[in-house]
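Colleague: Structure file input.cif (mmCIF, C-alpha atoms) right here:
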data_target
#
loop_
_atom_site.label_atom_id
_atom_site.label_comp_id
_atom_site.auth_asym_id
_atom_site.auth_seq_id
_atom_site.Cartn_x
_atom_site.Cartn_y
_atom_site.Cartn_z
CA MET B 1238 1.11 -14.13 14.97
CA ASN B 1239 -1.68 -11.55 15.04
CA TYR B 1240 -1.04 -8.31 13.12
CA ILE B 1241 -2.78 -4.99 13.71
CA LEU B 1242 -2.33 -1.88 11.58
CA PHE B 1243 -2.67 1.22 13.75
CA ASP B 1244 -3.16 4.90 12.97
CA GLY B 1245 -0.34 7.08 14.27
CA GLN B 1246 -0.07 10.86 14.45
CA GLU B 1247 0.11 10.87 10.64
CA ARG B 1248 -3.67 10.43 10.53
CA ILE B 1249 -4.25 14.12 11.24
CA ASN B 1250 -1.96 15.18 8.38
CA LEU B 1251 -3.74 12.80 5.99
CA LEU B 1252 -7.22 14.28 6.46
CA PRO B 1253 -9.70 14.39 4.73
CA PHE B 1254 -8.81 10.90 3.37
CA THR B 1255 -8.70 9.48 6.90
CA PHE B 1256 -12.13 10.80 7.86
CA THR B 1257 -13.59 7.66 6.23
CA ARG B 1258 -10.82 5.06 6.53
CA PRO B 1259 -7.74 4.03 8.51
CA VAL B 1260 -4.41 5.35 7.22
CA SER B 1261 -3.49 1.94 5.79
CA GLU B 1262 -6.61 1.89 3.60
CA ILE B 1263 -5.15 4.71 1.47
CA ARG B 1264 -4.18 3.56 -2.00
CA ILE B 1265 -0.69 4.46 -3.16
CA GLY B 1266 0.70 2.69 -6.20
CA ILE B 1267 -1.53 -0.17 -7.40
CA LEU B 1268 -2.53 -1.52 -3.98
CA THR B 1269 -3.71 -0.02 -0.71
CA ILE B 1270 -1.19 -0.07 2.13
CA THR B 1271 -3.35 -2.73 3.82
CA GLU B 1272 -3.23 -4.94 0.72
CA LYS B 1273 0.56 -4.57 0.59
CA TRP B 1274 0.96 -5.69 4.22
CA LYS B 1275 -1.40 -8.64 3.73
CA PHE B 1276 0.68 -9.71 0.74
CA PHE B 1277 3.98 -9.59 2.65
CA LEU B 1278 2.63 -11.03 5.90
CA LYS B 1279 0.64 -13.71 4.03
CA GLN B 1280 -2.36 -13.36 6.32
CA GLU B 1281 -5.25 -11.11 7.26
CA VAL B 1282 -4.80 -8.04 9.45
CA SER B 1283 -7.08 -5.95 11.67
CA PHE B 1284 -7.09 -2.24 12.52
CA LYS B 1285 -6.75 0.20 15.40
CA THR B 1286 -8.32 3.41 14.20
CA GLU B 1287 -10.85 6.02 15.32
CA ASP B 1288 -13.75 4.65 17.39
CA TYR B 1289 -16.39 5.59 14.80
CA LEU B 1290 -14.51 3.59 12.13
CA GLN B 1291 -13.94 0.44 14.18
CA LYS B 1292 -17.25 -1.22 13.26
CA LYS B 1293 -16.32 -1.20 9.58
CA PHE B 1294 -12.62 -1.81 10.26
CA PRO B 1295 -12.63 -4.08 13.34
CA LEU B 1296 -9.83 -4.67 15.83
CA LYS B 1297 -8.83 -8.24 16.66
CA LEU B 1298 -6.70 -8.63 19.79
CA GLU B 1299 -4.98 -11.87 20.78
CA GLY B 1300 -2.50 -12.84 23.49
CA ASP B 1301 0.48 -11.91 21.32
CA ASN B 1302 0.20 -9.10 18.76
CA ILE B 1303 2.42 -7.10 16.48
CA PHE B 1304 1.14 -3.56 15.95
CA ILE B 1305 2.33 -1.87 12.73
CA ASN B 1306 2.10 1.83 11.92
CA GLY B 1307 -0.19 1.97 8.88
CA SER B 1308 1.61 4.93 7.32
CA TYR B 1309 4.63 2.73 6.46
CA LEU B 1310 4.79 0.69 3.28
CA PRO B 1311 6.20 -2.84 3.65
CA SER B 1312 9.26 -4.44 2.12
CA ILE B 1313 10.86 -7.84 2.64
CA GLU B 1314 13.63 -6.24 4.68
CA LEU B 1315 11.22 -4.30 6.91
CA VAL B 1316 9.04 -7.36 7.51
CA ASN B 1317 12.12 -9.37 8.49
CA GLU B 1318 13.05 -6.76 11.10
CA ILE B 1319 9.50 -6.68 12.46
CA HIS B 1320 9.50 -10.47 12.82
CA LYS B 1321 12.57 -10.19 15.09
CA LEU B 1322 10.65 -8.17 17.69
CA LYS B 1323 10.19 -9.72 21.10
CA VAL B 1324 7.39 -8.89 23.55
CA GLN B 1325 7.69 -5.29 24.76
CA GLU B 1326 10.10 -4.32 22.00
CA LYS B 1327 9.52 -1.63 19.40
CA LEU B 1328 11.07 -0.91 16.01
CA THR B 1329 11.68 2.79 15.36
CA LYS B 1330 12.97 5.19 12.70
CA ASN B 1331 14.17 8.62 13.84
CA GLY B 1332 12.08 8.32 16.98
CA THR B 1333 8.87 7.27 15.21
CA VAL B 1334 7.44 3.86 16.08
CA ILE B 1335 7.14 1.58 13.06
CA ALA B 1336 5.99 -1.49 14.98
CA TYR B 1337 5.83 -2.97 18.45
CA ARG B 1338 4.97 -6.33 20.00
CA SER B 1339 2.61 -6.53 22.94
CA SER B 1340 -0.33 -8.40 24.43
CA THR B 1341 -2.29 -5.14 24.65
CA LEU B 1342 -2.73 -1.91 22.75
CA CYS B 1343 -0.23 0.69 23.99
CA GLY B 1344 -0.18 4.46 23.91
CA GLU B 1345 2.85 6.72 23.72
CA LYS B 1346 3.40 6.67 27.50
CA GLU B 1347 3.43 2.87 27.65
CA LEU B 1348 5.73 2.59 24.63
CA VAL B 1349 8.40 4.70 26.33
CA ALA B 1350 9.17 1.72 28.57
CA PHE B 1351 9.63 -0.67 25.61
CA SER B 1352 13.12 -1.71 24.45
CA SER B 1353 13.88 0.11 21.21
CA MET B 1354 15.41 -1.21 18.00
CA GLU B 1355 16.35 1.56 15.54
CA THR B 1356 16.24 0.42 11.92
CA ASP B 1357 18.88 1.37 9.35
CA LEU B 1358 16.32 0.96 6.60
CA ASP B 1359 14.62 3.92 4.97
CA PRO B 1360 11.09 2.56 4.49
CA LEU B 1361 8.64 4.38 2.27
CA LYS B 1362 6.13 6.31 4.37
CA ILE B 1363 3.22 8.70 3.85
CA ASN B 1364 3.21 11.65 6.25
CA TYR B 1365 1.12 14.18 4.32
CA ASN B 1366 -1.51 14.19 1.59
CA TRP B 1367 0.99 15.19 -1.07
CA ASP B 1368 3.10 12.09 -0.31
CA ILE B 1369 0.31 9.98 -1.82
CA PHE B 1370 1.04 11.62 -5.16
CA SER B 1371 4.75 12.47 -4.97
CA LYS B 1372 5.67 8.90 -3.90
CA ASN B 1373 3.07 7.16 -6.05
CA GLY B 1374 5.52 6.34 -8.85
CA ILE B 1375 7.94 4.59 -6.47
CA ALA B 1376 5.10 2.63 -4.86
CA LEU B 1377 3.65 1.70 -8.25
CA GLU B 1378 7.00 0.34 -9.43
CA ALA B 1379 7.25 -1.85 -6.32
CA ASP B 1380 3.64 -3.07 -6.61
CA PHE B 1381 4.06 -3.87 -10.30
CA GLU B 1382 7.02 -6.15 -9.58
CA LEU B 1383 5.14 -7.69 -6.65
CA ILE B 1384 1.84 -8.60 -8.30
CA THR B 1385 3.02 -9.49 -11.81
CA LYS B 1386 5.69 -11.96 -10.69
CA ASP B 1387 5.05 -15.40 -12.25
CA ARG B 1388 1.92 -14.10 -14.00
CA LYS B 1389 1.27 -13.63 -17.70
CA SER B 1390 -0.38 -10.56 -19.18
CA VAL B 1391 -3.26 -10.75 -21.62
CA PRO B 1392 -1.89 -10.09 -25.13
CA ILE B 1393 -1.83 -6.42 -26.13
CA PRO B 1394 -4.27 -5.81 -29.00
CA ASN B 1395 -2.73 -5.19 -32.41
CA THR B 1396 -4.47 -1.81 -32.61
CA VAL B 1397 -2.46 -0.47 -29.63
CA ASN B 1398 0.76 1.51 -30.12
CA VAL B 1399 3.28 0.33 -27.53
CA LEU B 1400 6.64 1.36 -26.10
CA ASN B 1401 8.39 -1.05 -23.67
CA LYS B 1402 5.70 -3.73 -23.78
CA GLU B 1403 7.56 -5.85 -21.21
CA ARG B 1404 6.58 -3.21 -18.61
CA ILE B 1405 2.87 -3.42 -19.46
CA PHE B 1406 0.46 -5.83 -17.78
CA ILE B 1407 -3.18 -6.25 -18.81
CA GLU B 1408 -5.73 -8.34 -16.91
CA GLU B 1409 -8.63 -10.35 -18.33
CA GLY B 1410 -11.64 -8.37 -19.48
CA ALA B 1411 -9.82 -5.06 -20.03
CA GLN B 1412 -10.85 -3.18 -23.18
CA LEU B 1413 -8.41 -1.03 -25.12
CA ASN B 1414 -8.21 -0.38 -28.83
CA PHE B 1415 -6.56 2.38 -30.88
CA VAL B 1416 -4.71 3.82 -27.88
CA SER B 1417 -1.03 4.35 -27.12
CA LEU B 1418 0.81 2.92 -24.09
CA ASN B 1419 4.24 4.31 -23.23
CA ALA B 1420 6.00 2.48 -20.40
CA SER B 1421 9.40 4.08 -21.00
CA ASN B 1422 9.32 6.00 -17.71
CA GLY B 1423 7.44 3.48 -15.59
CA PRO B 1424 5.17 0.41 -15.73
CA ILE B 1425 1.55 0.37 -16.83
CA TYR B 1426 -0.95 -1.90 -15.07
CA ILE B 1427 -4.48 -2.27 -16.47
CA SER B 1428 -6.89 -4.14 -14.19
CA LYS B 1429 -9.69 -6.49 -15.22
CA ASN B 1430 -12.92 -5.15 -16.69
CA SER B 1431 -11.46 -1.66 -17.09
CA GLU B 1432 -11.56 0.37 -20.31
CA ILE B 1433 -9.30 2.84 -22.07
CA MET B 1434 -11.23 4.62 -24.79
CA GLU B 1435 -9.78 4.98 -28.25
CA GLY B 1436 -7.55 7.99 -28.84
CA SER B 1437 -6.14 7.94 -25.29
CA HIS B 1438 -2.41 8.27 -24.64
CA ILE B 1439 -1.17 6.58 -21.45
CA ARG B 1440 2.31 7.21 -20.04
CA GLY B 1441 3.70 5.19 -17.14
CA PRO B 1442 3.96 4.88 -14.26
CA PHE B 1443 0.22 4.29 -14.45
CA SER B 1444 -2.38 1.97 -12.92
CA LEU B 1445 -6.04 1.65 -13.90
CA GLY B 1446 -8.23 0.02 -11.25
CA GLU B 1447 -10.80 -2.71 -11.74
CA GLY B 1448 -13.84 -1.45 -13.66
CA ALA B 1449 -12.37 2.02 -14.13
CA VAL B 1450 -12.59 3.94 -17.41
CA VAL B 1451 -10.23 6.39 -19.11
CA LYS B 1452 -12.45 8.64 -21.19
CA ILE B 1453 -11.38 10.87 -24.05
CA PRO B 1454 -12.44 14.53 -23.92
CA PRO B 1455 -15.91 15.17 -25.41
#
Would it be possible to restate this file's structure as structure tokens?

Modeller:
Amino acid sequence: MNYILFDGQERINLLPFTFTRPVSEIRIGILTITEKWKFFLKQEVSFKTEDYLQKKFPLKLEGDNIFINGSYLPSIELVNEIHKLKVQEKLTKNGTVIAYRSSTLCGEKELVAFSSMETDLDPLKINYNWDIFSKNGIALEADFELITKDRKSVPIPNTVNVLNKERIFIEEGAQLNFVSLNASNGPIYISKNSEIMEGSHIRGPFSLGEGAVVKIPP
């Protein structure tokens, strides 16, 4: 199956972030929405976005495609419902199209004629800029469980003060000494080659990206 992440009406509400990227390229939690879908679908995806962005984020059309609204975050349950779609069927939530299956890209007028399946799920979705921040903790929790499963964290240095160490994951190459990590209210994920400078106090839910640095005030 060929999967395409498309920008819906939410794109306008998510400006200025979406001036330079499709909606699904927004990072919420540890991963971008694109990375989450690729993880669940277990394959690459392409994009339907603004014309001026298509060179960097190309569209790949095949004879049978599933188009997914890039403002929705995936879950096993949601992916299962999407996989049940037949050609010219759409999956909706409160009138908003989550996904549809078609041989061609369809606009709102064409989608009216599609058979509709209304989901009972309540999938996580970003509608406005503030959703990226207000829903970040929920998304981070889900990502943490997703990407740490069956993996082992680098040992936490002895110089680090820790609360709830089982909710802390550190990748290779991360540097942190004489800091405190408190995962009582959410997980902490520290990516490879990142650094937390001494004297810093980190409270979860928290994610530090690859190569990023937490600096202490001068």

Colleague: Which residues come within 10 Å of Ile1241 in chain B, counting only C-alpha atoms, excluding same-chain residues fewer than 5 positions away, as a list of chain:residue names?

Modeller: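 What passes the distance filter is B:Glu1281, B:Val1282, B:Ser1283, B:Phe1284, B:Lys1285, B:Pro1295, B:Leu1296, B:Lys1297, B:Leu1298, B:Asn1302, B:Ile1303, B:Phe1304, B:Ile1305, B:Asn1306, B:Gly1307, B:Ala1336, B:Leu1342.
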
Colleague: The PyMOL selection byres ((chain B and resi 1384) around 10) on the file shown: which residues, as a list in words?

Modeller: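 Checked against the file, the PyMOL selection byres ((chain B and resi 1384) around 10) matches Ile1267, Leu1268, Lys1273, Phe1276, Ala1379, Asp1380, Phe1381, Glu1382, Leu1383, Thr1385, Lys1386, Asp1387, Arg1388, Phe1406 and Tyr1426 of chain B.
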
Colleague: Evaluate the PyMOL selection byres ((chain B and resi 1416) around 9) and record the selected residues as number ranges by chain, following the chain and residue labels used in the document.

Modeller: B: 1396-1399, 1413-1415, 1417-1418, 1433-1439

Colleague: Just checking: using all atoms listed in the file, which residue out of B:Ile1393, B:Ile1369, B:Gly1332, B:Gly1266 ends up closest to Gly1441 in chain B?

Modeller: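 When distances to Gly1441 in chain B are compared using all atoms listed in the file, the smallest one comes from B:Gly1266.
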
Colleague: With the file shown as input, list the residues that the PyMOL selection byres ((chain B and resi 1324) around 6) selects, as a count of residues only.

Modeller: 5

Colleague: Using only C-alpha atoms, find the one residue out of B:Thr1341, B:Thr1271, B:Gln1291, B:Ser1308 that sits nearest to Asp1244 in chain B.

Modeller: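 The shortest atom-to-atom distance to Asp1244 in chain B comes from B:Ser1308.
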
Colleague: Write out as a list of chain:residue names each polymer residue whose atoms come within 8 Å of Leu1445 in chain B, counting only C-alpha atoms; drop sequence neighbours fewer than 6 positions from it.

Modeller: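 The residues satisfying every condition are B:Tyr1426, B:Ile1427, B:Ser1428, B:Ser1431.
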
Colleague: Looking at all atoms listed in the file, which of B:Asn1373, B:Asn1250, B:Asn1419, B:Ser1353 is the one that sits closest to Thr1269 in chain B?

Modeller: B:Asn1373

Colleague: For CA of Leu1310 in chain B and CA of Gly1344 in chain B, quote the distance in Å rounded to one decimal.

Modeller: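 Going from CA of Leu1310 in chain B over to CA of Gly1344 in chain B, I get 21.6 Å.
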
Colleague: Please measure the separation of CA of Phe1443 in chain B and CA of Ala1411 in chain B, giving the value in Å to one decimal.

Modeller: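 So the two atoms, CA of Phe1443 in chain B and CA of Ala1411 in chain B, lie 14.8 Å apart.
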
Colleague: Give the answer as one residue: which of B:Glu1432, B:Thr1257, B:Lys1362, B:Val1450 has the shortest atom-to-atom distance to Ile1270 in chain B, using all atoms listed in the file?

Modeller: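 Closest residue, counting all atoms listed in the file: B:Lys1362.
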
Colleague: Can you report as JSON the centre and edge lengths in Å, to one decimal, of an axis-aligned box around the listed atoms of range 1352-1355 of chain B padded with 8 Å on each side?

Modeller:
{"center_x": 14.7, "center_y": -0.1, "center_z": 20.0, "size_x": 19.2, "size_y": 19.3, "size_z": 24.9}

Colleague: Go through B:Val1391, B:Leu1361, B:Leu1400, B:Leu1377 one by one, measure the shortest atom-to-atom distance of each to Arg1264 in chain B using all atoms listed in the file, and give the residue with the smallest value.

Modeller: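 Checking each candidate against Arg1264 in chain B, we get B:Leu1377 as the closest.
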
Colleague: So how many Å separate CA of Arg1248 in chain B and CA of Phe1370 in chain B, to one decimal?

Modeller: 16.4 Å

Colleague: With distances taken over only C-alpha atoms, which of B:Leu1322, B:Ile1425, B:Cys1343, B:Ile1405 is nearest to Lys1389 in chain B?

Modeller: B:Ile1405
